[in-house]
Structures are given as C-alpha cells and as structure tokens.
>>> print(open('structure-v5.pdb').read())   # PDB, C-alpha atoms and all ligand atoms
MODEL        1
ATOM      1  CA  MET A 262     -10.204  -5.762  15.477  1.00  0.00           C
ATOM      2  CA  ASN A 263     -12.472  -6.604  12.569  1.00  0.00           C
ATOM      3  CA  PRO A 264     -11.274  -9.381  10.269  1.00  0.00           C
ATOM      4  CA  PRO A 265      -9.698  -8.064   7.061  1.00  0.00           C
ATOM      5  CA  ARG A 266     -12.205  -7.502   4.273  1.00  0.00           C
ATOM      6  CA  LEU A 267     -11.472  -9.264   1.015  1.00  0.00           C
ATOM      7  CA  PHE A 268     -12.547  -8.000  -2.360  1.00  0.00           C
ATOM      8  CA  HIS A 269     -14.170 -10.304  -4.824  1.00  0.00           C
ATOM      9  CA  LEU A 270     -14.894 -10.374  -8.489  1.00  0.00           C
ATOM     10  CA  PRO A 271     -17.870  -8.375  -9.685  1.00  0.00           C
ATOM     11  CA  LEU A 272     -21.181 -10.153  -9.910  1.00  0.00           C
ATOM     12  CA  ASP A 273     -21.156 -10.592 -13.696  1.00  0.00           C
ATOM     13  CA  ARG A 274     -17.946 -12.678 -13.457  1.00  0.00           C
ATOM     14  CA  ARG A 275     -19.563 -14.825 -10.784  1.00  0.00           C
ATOM     15  CA  ARG A 276     -22.578 -15.338 -13.025  1.00  0.00           C
ATOM     16  CA  LEU A 277     -20.267 -16.352 -15.851  1.00  0.00           C
ATOM     17  CA  LEU A 278     -18.581 -18.930 -13.638  1.00  0.00           C
ATOM     18  CA  ARG A 279     -21.937 -20.257 -12.500  1.00  0.00           C
ATOM     19  CA  SER A 280     -23.206 -20.576 -16.062  1.00  0.00           C
ATOM     20  CA  LEU A 281     -19.994 -22.374 -17.057  1.00  0.00           C
ATOM     21  CA  LEU A 282     -20.579 -24.746 -14.179  1.00  0.00           C
ATOM     22  CA  LEU A 283     -24.153 -25.456 -15.349  1.00  0.00           C
ATOM     23  CA  ALA A 284     -23.142 -25.802 -19.002  1.00  0.00           C
ATOM     24  CA  SER A 285     -20.492 -28.365 -18.134  1.00  0.00           C
ATOM     25  CA  GLY A 286     -22.836 -30.385 -15.966  1.00  0.00           C
ATOM     26  CA  GLY A 287     -20.769 -29.564 -12.915  1.00  0.00           C
ATOM     27  CA  LEU A 288     -17.589 -31.040 -14.311  1.00  0.00           C
ATOM     28  CA  VAL A 289     -15.339 -28.029 -13.886  1.00  0.00           C
ATOM     29  CA  THR A 290     -12.062 -27.778 -12.080  1.00  0.00           C
ATOM     30  CA  ASN A 291     -11.631 -26.389  -8.612  1.00  0.00           C
ATOM     31  CA  GLU A 292      -9.868 -23.336 -10.030  1.00  0.00           C
ATOM     32  CA  LEU A 293     -13.133 -22.264 -11.612  1.00  0.00           C
ATOM     33  CA  HIS A 294     -14.949 -22.559  -8.286  1.00  0.00           C
ATOM     34  CA  ALA A 295     -12.476 -20.258  -6.605  1.00  0.00           C
ATOM     35  CA  GLU A 296     -13.315 -16.566  -6.787  1.00  0.00           C
ATOM     36  CA  ALA A 297     -10.189 -14.582  -7.549  1.00  0.00           C
ATOM     37  CA  LEU A 298      -9.370 -11.639  -5.300  1.00  0.00           C
ATOM     38  CA  ALA A 299      -8.879  -8.226  -6.881  1.00  0.00           C
ATOM     39  CA  LEU A 300      -5.165  -7.619  -7.406  1.00  0.00           C
ATOM     40  CA  THR A 301      -3.716  -4.692  -5.478  1.00  0.00           C
ATOM     41  CA  PRO A 302      -3.192  -1.992  -8.114  1.00  0.00           C
ATOM     42  CA  ARG A 303       0.250  -0.598  -8.855  1.00  0.00           C
ATOM     43  CA  ALA A 304       1.135   3.056  -8.273  1.00  0.00           C
ATOM     44  CA  THR A 305       4.141   5.221  -8.975  1.00  0.00           C
ATOM     45  CA  GLU A 306       7.051   5.017  -6.543  1.00  0.00           C
ATOM     46  CA  GLY A 307       7.208   8.827  -6.557  1.00  0.00           C
ATOM     47  CA  PRO A 308      10.417  10.826  -6.119  1.00  0.00           C
ATOM     48  CA  TYR A 309      10.901  10.282  -2.365  1.00  0.00           C
ATOM     49  CA  TYR A 310      11.912   6.634  -1.955  1.00  0.00           C
ATOM     50  CA  PRO A 311      14.672   7.195   0.626  1.00  0.00           C
ATOM     51  CA  ASN A 312      18.037   8.039  -0.934  1.00  0.00           C
ATOM     52  CA  HIS A 313      19.620   7.451   2.457  1.00  0.00           C
ATOM     53  CA  LEU A 314      18.158   4.667   4.573  1.00  0.00           C
ATOM     54  CA  PRO A 315      17.893   5.053   8.352  1.00  0.00           C
ATOM     55  CA  LEU A 316      19.969   2.742  10.561  1.00  0.00           C
ATOM     56  CA  ASP A 317      16.787   1.575  12.261  1.00  0.00           C
ATOM     57  CA  GLN A 318      14.621  -0.091   9.597  1.00  0.00           C
ATOM     58  CA  ASP A 319      12.186  -2.105  11.710  1.00  0.00           C
ATOM     59  CA  ASN A 320       8.409  -2.077  11.344  1.00  0.00           C
ATOM     60  CA  ASP A 321       7.841   0.385  14.201  1.00  0.00           C
ATOM     61  CA  LEU A 322       8.426   3.774  12.596  1.00  0.00           C
ATOM     62  CA  THR A 323       7.199   5.701  15.649  1.00  0.00           C
ATOM     63  CA  GLN A 324      10.366   5.104  17.628  1.00  0.00           C
ATOM     64  CA  ILE A 325      13.948   5.288  16.409  1.00  0.00           C
ATOM     65  CA  LEU A 326      16.236   2.836  18.184  1.00  0.00           C
ATOM     66  CA  GLY A 327      17.951   4.736  20.986  1.00  0.00           C
ATOM     67  CA  GLY A 328      15.898   7.847  20.211  1.00  0.00           C
ATOM     68  CA  ALA A 329      14.969  10.207  23.004  1.00  0.00           C
ATOM     69  CA  ALA A 330      11.322  10.756  22.035  1.00  0.00           C
ATOM     70  CA  PRO A 331       8.554   9.193  19.972  1.00  0.00           C
ATOM     71  CA  ALA A 332       7.543  10.559  16.572  1.00  0.00           C
ATOM     72  CA  GLY A 333       5.015  13.365  16.356  1.00  0.00           C
ATOM     73  CA  GLY A 334       1.579  12.719  14.873  1.00  0.00           C
ATOM     74  CA  THR A 335      -1.252  10.244  15.336  1.00  0.00           C
ATOM     75  CA  VAL A 336       0.056   6.740  15.949  1.00  0.00           C
ATOM     76  CA  THR A 337      -1.497   4.443  13.346  1.00  0.00           C
ATOM     77  CA  GLU A 338      -1.153   0.683  13.024  1.00  0.00           C
ATOM     78  CA  PHE A 339      -2.053  -1.410  10.042  1.00  0.00           C
ATOM     79  CA  GLY A 340      -1.465  -4.925   8.889  1.00  0.00           C
ATOM     80  CA  GLY A 341      -3.010  -7.865   7.149  1.00  0.00           C
ATOM     81  CA  ARG A 342      -1.890 -10.603   4.824  1.00  0.00           C
ATOM     82  CA  LEU A 343       0.036 -10.861   1.596  1.00  0.00           C
ATOM     83  CA  LEU A 344      -1.975 -13.131  -0.692  1.00  0.00           C
ATOM     84  CA  LYS A 345      -2.102 -14.556  -4.182  1.00  0.00           C
ATOM     85  CA  ALA A 346      -5.286 -13.979  -6.178  1.00  0.00           C
ATOM     86  CA  ASP A 347      -6.543 -17.420  -5.128  1.00  0.00           C
ATOM     87  CA  GLY A 348      -6.300 -16.373  -1.465  1.00  0.00           C
ATOM     88  CA  SER A 349      -3.234 -18.434  -0.599  1.00  0.00           C
ATOM     89  CA  PRO A 350      -0.671 -16.715   1.665  1.00  0.00           C
ATOM     90  CA  VAL A 351       2.699 -15.506   0.399  1.00  0.00           C
ATOM     91  CA  ALA A 352       5.412 -15.984   3.042  1.00  0.00           C
ATOM     92  CA  GLY A 353       8.943 -14.624   3.171  1.00  0.00           C
ATOM     93  CA  ARG A 354       8.463 -11.452   1.113  1.00  0.00           C
ATOM     94  CA  VAL A 355       9.829  -8.129   2.347  1.00  0.00           C
ATOM     95  CA  ILE A 356       7.279  -5.307   2.553  1.00  0.00           C
ATOM     96  CA  GLU A 357       8.790  -1.806   2.655  1.00  0.00           C
ATOM     97  CA  LEU A 358       6.951   1.290   3.896  1.00  0.00           C
ATOM     98  CA  TRP A 359       8.027   4.899   3.403  1.00  0.00           C
ATOM     99  CA  GLN A 360       5.978   8.000   4.029  1.00  0.00           C
ATOM    100  CA  ALA A 361       5.784  11.646   5.015  1.00  0.00           C
ATOM    101  CA  ASP A 362       6.189  12.583   8.679  1.00  0.00           C
ATOM    102  CA  VAL A 363       3.684  14.739  10.558  1.00  0.00           C
ATOM    103  CA  ASN A 364       5.083  17.811   8.753  1.00  0.00           C
ATOM    104  CA  GLY A 365       4.702  16.249   5.285  1.00  0.00           C
ATOM    105  CA  CYS A 366       8.470  15.618   4.946  1.00  0.00           C
ATOM    106  CA  TYR A 367      10.295  12.483   3.733  1.00  0.00           C
ATOM    107  CA  ILE A 368      13.728  11.107   4.606  1.00  0.00           C
ATOM    108  CA  HIS A 369      15.050  12.175   1.225  1.00  0.00           C
ATOM    109  CA  SER A 370      17.477  14.978   0.449  1.00  0.00           C
ATOM    110  CA  ARG A 371      14.707  16.719  -1.566  1.00  0.00           C
ATOM    111  CA  GLY A 372      11.855  15.532   0.650  1.00  0.00           C
ATOM    112  CA  VAL A 373      11.555  18.499   3.004  1.00  0.00           C
ATOM    113  CA  GLN A 374       8.532  20.653   2.200  1.00  0.00           C
ATOM    114  CA  ARG A 375       9.018  24.396   1.893  1.00  0.00           C
ATOM    115  CA  GLY A 376       8.863  26.140   5.252  1.00  0.00           C
ATOM    116  CA  LYS A 377       8.815  22.804   7.131  1.00  0.00           C
ATOM    117  CA  GLU A 378      11.298  20.698   9.054  1.00  0.00           C
ATOM    118  CA  ARG A 379      11.671  16.964   9.250  1.00  0.00           C
ATOM    119  CA  ASP A 380      10.582  15.334  12.500  1.00  0.00           C
ATOM    120  CA  PRO A 381      13.924  13.937  13.785  1.00  0.00           C
ATOM    121  CA  HIS A 382      12.074  11.332  15.869  1.00  0.00           C
ATOM    122  CA  PHE A 383      10.238   9.734  12.958  1.00  0.00           C
ATOM    123  CA  GLN A 384      11.894   6.746  11.270  1.00  0.00           C
ATOM    124  CA  GLY A 385      10.353   7.541   7.854  1.00  0.00           C
ATOM    125  CA  TYR A 386      11.070   4.062   6.428  1.00  0.00           C
ATOM    126  CA  GLY A 387      10.609   0.528   7.707  1.00  0.00           C
ATOM    127  CA  LYS A 388      10.279  -3.029   6.511  1.00  0.00           C
ATOM    128  CA  VAL A 389       8.956  -6.394   7.620  1.00  0.00           C
ATOM    129  CA  THR A 390       9.049  -9.956   6.258  1.00  0.00           C
ATOM    130  CA  THR A 391       5.725 -11.777   5.855  1.00  0.00           C
ATOM    131  CA  ASN A 392       5.379 -14.826   8.121  1.00  0.00           C
ATOM    132  CA  GLU A 393       4.209 -18.298   7.104  1.00  0.00           C
ATOM    133  CA  LYS A 394       0.590 -17.082   7.067  1.00  0.00           C
ATOM    134  CA  GLY A 395       1.545 -14.148   4.847  1.00  0.00           C
ATOM    135  CA  GLU A 396       0.974 -11.728   7.733  1.00  0.00           C
ATOM    136  CA  TYR A 397       2.694  -8.364   8.123  1.00  0.00           C
ATOM    137  CA  ARG A 398       2.215  -5.373  10.416  1.00  0.00           C
ATOM    138  CA  PHE A 399       3.445  -1.778  10.752  1.00  0.00           C
ATOM    139  CA  ARG A 400       3.239   0.688  13.618  1.00  0.00           C
ATOM    140  CA  THR A 401       3.623   4.182  12.265  1.00  0.00           C
ATOM    141  CA  ILE A 402       1.849   7.553  12.112  1.00  0.00           C
ATOM    142  CA  ARG A 403      -0.932   8.985   9.991  1.00  0.00           C
ATOM    143  CA  PRO A 404       1.116  10.615   7.206  1.00  0.00           C
ATOM    144  CA  GLY A 405       1.227  14.396   7.020  1.00  0.00           C
ATOM    145  CA  LEU A 406      -0.510  16.149   4.155  1.00  0.00           C
ATOM    146  CA  TYR A 407       1.544  18.057   1.591  1.00  0.00           C
ATOM    147  CA  THR A 408       0.681  20.145  -1.421  1.00  0.00           C
ATOM    148  CA  GLY A 409      -0.679  18.342  -4.461  1.00  0.00           C
ATOM    149  CA  ARG A 410      -1.482  15.002  -2.836  1.00  0.00           C
ATOM    150  CA  THR A 411      -3.909  13.358  -0.471  1.00  0.00           C
ATOM    151  CA  ILE A 412      -2.681  11.492   2.622  1.00  0.00           C
ATOM    152  CA  HIS A 413      -0.913   8.294   1.536  1.00  0.00           C
ATOM    153  CA  TRP A 414       1.560   5.605   2.469  1.00  0.00           C
ATOM    154  CA  HIS A 415       4.054   4.201  -0.073  1.00  0.00           C
ATOM    155  CA  LEU A 416       4.629   0.457  -0.003  1.00  0.00           C
ATOM    156  CA  ALA A 417       6.662  -2.031  -2.009  1.00  0.00           C
ATOM    157  CA  VAL A 418       6.768  -5.838  -1.958  1.00  0.00           C
ATOM    158  CA  ASN A 419      10.053  -7.558  -2.762  1.00  0.00           C
ATOM    159  CA  GLU A 420      11.278 -11.101  -3.329  1.00  0.00           C
ATOM    160  CA  GLY A 421      15.003 -10.859  -2.752  1.00  0.00           C
ATOM    161  CA  GLU A 422      16.258  -8.192  -5.152  1.00  0.00           C
ATOM    162  CA  THR A 423      13.117  -8.339  -7.306  1.00  0.00           C
ATOM    163  CA  ARG A 424      10.429  -5.707  -6.806  1.00  0.00           C
ATOM    164  CA  LEU A 425       7.074  -7.480  -7.157  1.00  0.00           C
ATOM    165  CA  LEU A 426       4.764  -4.539  -6.507  1.00  0.00           C
ATOM    166  CA  THR A 427       4.922  -0.804  -5.792  1.00  0.00           C
ATOM    167  CA  THR A 428       1.702   0.722  -4.518  1.00  0.00           C
ATOM    168  CA  GLN A 429       0.122   3.312  -2.224  1.00  0.00           C
ATOM    169  CA  LEU A 430      -2.412   3.031   0.611  1.00  0.00           C
ATOM    170  CA  PHE A 431      -5.056   5.637   1.496  1.00  0.00           C
ATOM    171  CA  ILE A 432      -7.403   6.520   4.351  1.00  0.00           C
ATOM    172  CA  ALA A 433     -11.176   6.454   3.734  1.00  0.00           C
ATOM    173  CA  GLY A 434     -12.950   9.750   4.248  1.00  0.00           C
ATOM    174  CA  VAL A 435      -9.999  12.049   3.532  1.00  0.00           C
ATOM    175  CA  GLU A 436     -11.356  15.018   1.590  1.00  0.00           C
ATOM    176  CA  GLN A 437      -8.459  15.162  -0.898  1.00  0.00           C
ATOM    177  CA  ASN A 438      -8.900  11.504  -2.022  1.00  0.00           C
ATOM    178  CA  ASP A 439     -11.391  12.441  -4.739  1.00  0.00           C
ATOM    179  CA  ARG A 440      -8.963  14.947  -6.272  1.00  0.00           C
ATOM    180  CA  ASP A 441      -5.790  12.884  -6.018  1.00  0.00           C
ATOM    181  CA  GLY A 442      -4.607  12.174  -9.576  1.00  0.00           C
ATOM    182  CA  ILE A 443      -2.441   9.201  -8.590  1.00  0.00           C
ATOM    183  CA  LEU A 444      -5.211   7.497  -6.601  1.00  0.00           C
ATOM    184  CA  GLN A 445      -7.798   8.141  -9.306  1.00  0.00           C
ATOM    185  CA  ARG A 446      -5.575   6.487 -11.953  1.00  0.00           C
ATOM    186  CA  MET A 447      -4.955   3.316  -9.923  1.00  0.00           C
ATOM    187  CA  GLY A 448      -6.492   0.203 -11.488  1.00  0.00           C
ATOM    188  CA  THR A 449     -10.202  -0.460 -11.794  1.00  0.00           C
ATOM    189  CA  PRO A 450     -12.827   1.067  -9.442  1.00  0.00           C
ATOM    190  CA  GLU A 451     -12.854  -2.219  -7.520  1.00  0.00           C
ATOM    191  CA  GLN A 452      -9.049  -2.207  -7.208  1.00  0.00           C
ATOM    192  CA  ARG A 453      -9.129   1.446  -6.100  1.00  0.00           C
ATOM    193  CA  LEU A 454     -11.582   0.614  -3.327  1.00  0.00           C
ATOM    194  CA  SER A 455      -9.166  -2.041  -2.093  1.00  0.00           C
ATOM    195  CA  VAL A 456      -6.461   0.580  -1.325  1.00  0.00           C
ATOM    196  CA  ILE A 457      -8.770   3.055   0.489  1.00  0.00           C
ATOM    197  CA  ARG A 458      -9.151   1.651   3.992  1.00  0.00           C
ATOM    198  CA  GLU A 459     -11.011   2.569   7.169  1.00  0.00           C
ATOM    199  CA  PHE A 460      -8.807   3.571  10.110  1.00  0.00           C
ATOM    200  CA  LYS A 461     -10.484   3.714  13.518  1.00  0.00           C
ATOM    201  CA  PRO A 462      -9.470   3.971  17.177  1.00  0.00           C
ATOM    202  CA  PRO A 463      -9.113   0.411  18.566  1.00  0.00           C
ATOM    203  CA  THR A 464     -11.032   1.369  21.722  1.00  0.00           C
ATOM    204  CA  SER A 465     -13.168   4.368  22.570  1.00  0.00           C
ATOM    205  CA  GLY A 466     -11.014   7.156  23.884  1.00  0.00           C
ATOM    206  CA  SER A 467      -7.849   5.825  22.217  1.00  0.00           C
ATOM    207  CA  GLY A 468      -5.788   8.463  20.444  1.00  0.00           C
ATOM    208  CA  GLU A 469      -4.439   5.866  18.018  1.00  0.00           C
ATOM    209  CA  LEU A 470      -5.835   4.499  14.752  1.00  0.00           C
ATOM    210  CA  VAL A 471      -5.904   0.930  13.470  1.00  0.00           C
ATOM    211  CA  GLY A 472      -6.658  -0.468  10.032  1.00  0.00           C
ATOM    212  CA  THR A 473      -6.370  -3.711   8.109  1.00  0.00           C
ATOM    213  CA  TRP A 474      -5.213  -4.193   4.540  1.00  0.00           C
ATOM    214  CA  ASN A 475      -4.574  -7.332   2.534  1.00  0.00           C
ATOM    215  CA  ILE A 476      -2.164  -7.026  -0.371  1.00  0.00           C
ATOM    216  CA  VAL A 477      -2.961  -9.261  -3.357  1.00  0.00           C
ATOM    217  CA  LEU A 478      -0.092 -10.052  -5.731  1.00  0.00           C
ATOM    218  CA  GLY A 479      -0.355 -10.840  -9.430  1.00  0.00           C
ATOM    219  CA  GLU A 480       1.860 -13.384 -11.143  1.00  0.00           C
ATOM    220  CA  THR A 481       4.250 -11.035 -12.916  1.00  0.00           C
ATOM    221  CA  PRO A 482       7.029  -9.071 -11.207  1.00  0.00           C
ATOM    222  CA  GLU A 483       7.100  -5.352 -11.771  1.00  0.00           C
ATOM    223  CA  GLU A 484       9.117  -3.818 -14.603  1.00  0.00           C
ATOM    224  CA  PRO A 485      11.449  -1.027 -13.383  1.00  0.00           C
ATOM    225  CA  GLU A 486       9.645   1.630 -15.481  1.00  0.00           C
ATOM    226  CA  GLU A 487       6.351   0.730 -13.823  1.00  0.00           C
ATOM    227  CA  ARG A 488       7.645   2.167 -10.541  1.00  0.00           C
ATOM    228  CA  ARG A 489       7.933   5.609 -11.992  1.00  0.00           C
ATOM    229  CA  GLY A 490       4.718   5.946 -13.929  1.00  0.00           C
ATOM    230  CA  ARG A 491       1.684   4.141 -15.148  1.00  0.00           C
ATOM    231  CA  PRO A 492       1.809   0.378 -15.643  1.00  0.00           C
ATOM    232  CA  GLY A 493       3.161  -0.292 -19.107  1.00  0.00           C
ATOM    233  CA  GLY A 494       5.709   2.495 -18.925  1.00  0.00           C
ATOM    234  CA  PRO A 495       5.627   6.087 -20.053  1.00  0.00           C
ATOM    235  CA  PRO A 496       3.310   7.041 -22.917  1.00  0.00           C
ATOM    236  CA  PRO A 497       4.748   8.161 -26.283  1.00  0.00           C
ATOM    237  CA  GLY A 498       6.043  11.706 -26.107  1.00  0.00           C
ATOM    238  CA  GLY A 499       7.836  11.314 -22.799  1.00  0.00           C
ATOM    239  CA  PRO A 500       7.010  10.260 -19.271  1.00  0.00           C
ATOM    240  CA  PRO A 501       4.147  11.907 -17.374  1.00  0.00           C
ATOM    241  CA  PRO A 502       5.149  14.468 -14.728  1.00  0.00           C
ATOM    242  CA  ARG A 503       6.178  12.723 -11.531  1.00  0.00           C
ATOM    243  CA  ARG A 504       4.339  13.779  -8.436  1.00  0.00           C
ATOM    244  CA  PRO A 505       5.368  12.789  -4.916  1.00  0.00           C
TER     245      PRO A 505
HETATM  246 FE    FE A 601       4.375  10.512  -1.389  1.00  0.00          FE
ENDMDL
END
>>> encode(input="structure-v5.pdb", output="structure tokens")
Amino acid sequence: MNPPRLFHLPLDRRRLLRSLLLASGGLVTNELHAEALALTPRATEGPYYPNHLPLDQDNDLTQILGGAAPAGGTVTEFGGRLLKADGSPVAGRVIELWQADVNGCYIHSRGVQRGKERDPHFQGYGKVTTNEKGEYRFRTIRPGLYTGRTIHWHLAVNEGETRLLTTQLFIAGVEQNDRDGILQRMGTPEQRLSVIREFKPPTSGSGELVGTWNIVLGETPEEPEERRGRPGGPPPGGPPPRRP
C-alpha cells in the first residue's frame, strides 16, 4: 500500500515562514520550521447517526458477529493515522464510522430509502480506538448511493464523552462529488481535497478496494450545533435544511 499522503500549507505560507526565518537571522523557534498539516474539515452529522446501535460495534462492518453471511457490496478498507496539525499522533481516541449499506440504507428508523430494504448482513456502524501511533483501520463496504448525495462515509472522533470532530469521507472520481452540496461547503479547497481519497484494488484482479486517510485534529472540541450544520452554528433565520 502507498504511504498516506499528507497535505501541507500552500506555498505562500511557506514563503512567509521562510522570509520570517531570513528576517530573524535564523533565530526562530522550531514551531515556525514545522509546516502545519491542513485540518480535516468538519461536516454535518446528518440525520442518520444510528438511533439504535448494533450489538456488534467492531471495526469490521462487513461481518456481523455470529451472522450467517457477509455484507453485500464492494469490500473496502481504509485507515491511516489520527494526527495533530504538527504531525504528532493522537492515541486513545475513539473513531466512529456509520454509513449507508449497498442499498443506500442506514441503521436508523428513518434510514431506509424508498423502495429499498436494509442489508441485514451489514453492520452499518463500527468504532475503533487509535493506537499509540495514532493508527486506526476499518473494513467495510463502498457505501451505496442515495438520492441527493454523493457516495460518502460519516465519521466522528471522540475523547471520552466529548465529540472532537464530525466529518465525512469521499471517493475520488465519483461523478456526483462535484454536485454534492455538503462536500462543496467543507472547509477550504485544500481541506476539501484532503477528504476526497483514491480507493484502488490492493492487487490486480482483487474485487476489494483500499484507501488511506489521515485525520488531522484542531485544538478545539466541536460544539454540539456544529454537528448539525455549518461550523459556527445555524445562520440567522433558522438552521439550513438538513440533508443525509
Ligand atoms: Fe449520509
């Protein structure tokens, strides 16, 4: 597998740091030498965070414990590291994943798309704790497409009871990405690029997909209203319409 790609500050910020270095005769702190990573942008939680959690909540969503069959759909693995902006790993945080099954349905009482049925073999939700290197991994499926959205995974990072980040992950090359209102409102162009990842078969002929994704945390925990809309809370005049 290719090493995870990291995203760096734009060139003009690097030039600024370099000129500061020259102006100070080289006497700048190490923090100024370090190039900060782009923070993973926040995104709405959407309406389908599970309102009933499955008994099996491990990080392999393709197989329910004791289940008779694997989930339908294209098996897809992704993982990477949870980092601070300075690149240092963040251990011991719980990363949650929830997503649509192959039919575009969620494990939520209102998460079944019209005319569709939930895949009873798909776990729909899972979680994993980052190790001492900040690493995490999920084995799941390529999410199903449903009306009004592009293909996406929902993820959240938690420290105990505190939600640090709610975000969404996307697949490069999916036609609907360019029209997805939630994706197009996420962060800066550089931050947006960081949540659209390449997924490829690990070996030629494999029917599975693999991708890497590093999650970069800011310093401030998320406010509850940020989960349901744009960062900073709803605009005056009421919250924006929530889309799944
Ligand atoms: Fe969704």
>>> residues_near_ligand(input="structure-v5.pdb", ligand="ligand FE 601 (chain A)", cutoff="9 Å", atoms="only C-alpha atoms and all ligand atoms", output="ChimeraX atom specification")
/A:306-310,359-361,365,367,407,410-415,429,504-505
>>> resolve_selection(input="structure-v5.pdb", expression="the PyMOL selection byres (((chain A and resi 312) around 10) and not hetatm)", output="VMD selection string")
chain A and resid 308 to 311 313 to 315 368 to 372
>>> atom_distance(input="structure-v5.pdb", atom1="atom CA of Ile402 of chain A", atom2="atom CA of Ile476 of chain A")
19.6 Å
>>> atom_distance(input="structure-v5.pdb", atom1="atom CA of Leu298 of chain A", atom2="atom CA of Asn392 of chain A")
20.2 Å
>>> resolve_selection(input="structure-v5.pdb", expression="the PyMOL selection byres (((chain A and resi 374-389) around 8) and not hetatm)", output="PyMOL selection string")
chain A and resi 311+314-315+317-325+328-333+355-368+372-373+390-391+397-399+407
>>> atom_distance(input="structure-v5.pdb", atom1="atom CA of Leu478 of chain A", atom2="atom CA of Thr423 of chain A")
13.4 Å
>>> residues_around(input="structure-v5.pdb", residues="segment 431-448 of chain A", least_positions_apart="6", cutoff="10 Å", atoms="only C-alpha atoms", output="NGL selection string")
:A and (299-305 or 307 or 403-404 or 406 or 409-415 or 454-460 or 472 or 490-492 or 503-505)
>>> write_last_selection(input="structure-v5.pdb", atoms="C-alpha atoms", output="mmCIF file, in the coordinates of the input")
data_model
loop_
_atom_site.group_PDB
_atom_site.id
_atom_site.type_symbol
_atom_site.label_atom_id
_atom_site.label_comp_id
_atom_site.auth_asym_id
_atom_site.auth_seq_id
_atom_site.Cartn_x
_atom_site.Cartn_y
_atom_site.Cartn_z
ATOM 1 C CA ALA A 299 -8.879 -8.226 -6.881
ATOM 2 C CA LEU A 300 -5.165 -7.619 -7.406
ATOM 3 C CA THR A 301 -3.716 -4.692 -5.478
ATOM 4 C CA PRO A 302 -3.192 -1.992 -8.114
ATOM 5 C CA ARG A 303 0.250 -0.598 -8.855
ATOM 6 C CA ALA A 304 1.135 3.056 -8.273
ATOM 7 C CA THR A 305 4.141 5.221 -8.975
ATOM 8 C CA GLY A 307 7.208 8.827 -6.557
ATOM 9 C CA ARG A 403 -0.932 8.985 9.991
ATOM 10 C CA PRO A 404 1.116 10.615 7.206
ATOM 11 C CA LEU A 406 -0.510 16.149 4.155
ATOM 12 C CA GLY A 409 -0.679 18.342 -4.461
ATOM 13 C CA ARG A 410 -1.482 15.002 -2.836
ATOM 14 C CA THR A 411 -3.909 13.358 -0.471
ATOM 15 C CA ILE A 412 -2.681 11.492 2.622
ATOM 16 C CA HIS A 413 -0.913 8.294 1.536
ATOM 17 C CA TRP A 414 1.560 5.605 2.469
ATOM 18 C CA HIS A 415 4.054 4.201 -0.073
ATOM 19 C CA LEU A 454 -11.582 0.614 -3.327
ATOM 20 C CA SER A 455 -9.166 -2.041 -2.093
ATOM 21 C CA VAL A 456 -6.461 0.580 -1.325
ATOM 22 C CA ILE A 457 -8.770 3.055 0.489
ATOM 23 C CA ARG A 458 -9.151 1.651 3.992
ATOM 24 C CA GLU A 459 -11.011 2.569 7.169
ATOM 25 C CA PHE A 460 -8.807 3.571 10.110
ATOM 26 C CA GLY A 472 -6.658 -0.468 10.032
ATOM 27 C CA GLY A 490 4.718 5.946 -13.929
ATOM 28 C CA ARG A 491 1.684 4.141 -15.148
ATOM 29 C CA PRO A 492 1.809 0.378 -15.643
ATOM 30 C CA ARG A 503 6.178 12.723 -11.531
ATOM 31 C CA ARG A 504 4.339 13.779 -8.436
ATOM 32 C CA PRO A 505 5.368 12.789 -4.916
#
>>> resolve_selection(input="structure-v5.pdb", expression="the PyMOL selection byres (((chain A and resi 351) around 12) and not hetatm)", output="PyMOL selection string")
chain A and resi 341-350+352-356+390-397+418-420+425+475-480
>>> closest_residue(input="structure-v5.pdb", among="A:Gly468, A:Gly340, A:Pro482, A:Pro462", to="Gly421 of chain A", atoms="all atoms listed in the file")
A:Pro482
